[in-house]
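*Asks:* Sharing a structure here in structure tokens format.
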Amino acid sequence: MKSLAASLGLCLVVFQTPAARADVLDYDFGGDRRGPAVRLGFQMALRSGFAYPLGKASGVGSAKMSDVTTGQVPVIVELGGKVVPNLFLGGYLGIAGGLAAGNLDDLCDDSDFDCYALGIRAGLEGHFQLMPHGRTNPWIGYGIGFERLTIAMSDGDDRGSFTYSGPEYARVMAGLDFRLSRGFGLGPFFDVSIGKYTRYDEDPPGGESDDGDIPKTAMHEWVTVGARFVFFP
């Protein structure tokens, strides 16, 4: 009889629905059941805030990120779906704007150029949601992708740009969603991305274009804080 009871118990665990398994996990984390009902499938989110650069753009000289770009204001779109209540899988696409900074800004001023920084990134990500049934749902996430940083220059007549690109090895994220309804939620987030620029593409104003591998690379980081607006949380 004990063996039969154990077998039946194992079958219940194996064949229970994803929502039921999430209920157990949510309970283990102290989930609050007073939130809107959980839905599976498509989910979309918009994130924005302030991103601060750290590290070096390259290993040549003192090419600090702070000598290339100021902090930037990003807009990031996340698209994907919840395969089970606790797990979101999808991708992200982001664009961020800022100004030239430090030594590069001095060079732009000396040359009477207006200089702006534009960042673009895209990749894949996953979120683990600790309390998907609650009104407040903390989550953690990880992503990996590709990024570009372009410095655009213009003096009204001549235009040019310098672009660095490379892999984004890790984007570690955390946040807290306030689930206002089945269709909408919002809350704060924090993320740190770690990457390396491995390619350059130069199109200087009035000069010849050039591109290739950066001979000596270095790691850089972006630290971002802001607000996240999620649809179908």
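Every chain in the structure tokens has a letter given in the order shown (A, B, ...), and although residue numbers restart at 1 in each chain, ligands are simply numbered from 1 in the order shown.
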List every residue of range 101-139 of chain A that has an atom at most 9 Å from any atom of range 32-56 of chain A, giving for each one its closest atom pair and the distance in Å to one decimal, counting only C-alpha atoms, sorted by chain and then by ascending residue number, as CSV.
*Replies:*
residue,atom,partner,partner_atom,distance
A:Met131,CA,A:Asp32,CA,7.2
A:Pro132,CA,A:Val38,CA,6.7
A:His133,CA,A:Arg33,CA,5.6
A:Gly134,CA,A:Asp32,CA,4.4
A:Arg135,CA,A:Gly35,CA,4.1
A:Thr136,CA,A:Gly35,CA,7.7
A:Asn137,CA,A:Asp32,CA,8.9
*Asks:* Residues of range 75-203 of chain A classed as alpha helix (DSSP H) by DSSP on the backbone are to be reported as a count of residues only.
*Replies:* 9
*Asks:* Rounded to one decimal place, report the CA of Leu87 in chain A-CA of Phe231 in chain A distance in Å.
*Replies:*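 Going from CA of Leu87 in chain A over to CA of Phe231 in chain A covers 15.2 Å.
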*Asks:* Can you pull out every residue from range 37-176 of chain A that DSSP, working from the backbone, puts in strand (DSSP E), and format the result as JSON, numbers by chain?
*Replies:* {"A": [41, 42, 43, 44, 45, 46, 47, 48, 49, 50, 51, 52, 53, 54, 55, 73, 74, 75, 76, 77, 78, 79, 80, 81, 82, 83, 84, 87, 88, 89, 90, 91, 92, 93, 94, 95, 96, 97, 98, 99, 114, 115, 116, 117, 118, 119, 120, 121, 122, 123, 124, 125, 126, 127, 128, 129, 136, 137, 138, 139, 140, 141, 142, 143, 144, 145, 146, 147, 148, 149, 150, 151, 152, 153, 154, 159, 160, 161, 162, 163, 164, 165, 166, 167, 168, 169, 170, 171, 172, 173, 174, 175, 176]}
*Asks:* Counting only C-alpha atoms, which residue out of A:Leu79, A:Leu186, A:Val223, A:Met153 sits closest to Leu107 in chain A?
*Replies:*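 Among the listed residues, A:Met153 lies closest to Leu107 in chain A.
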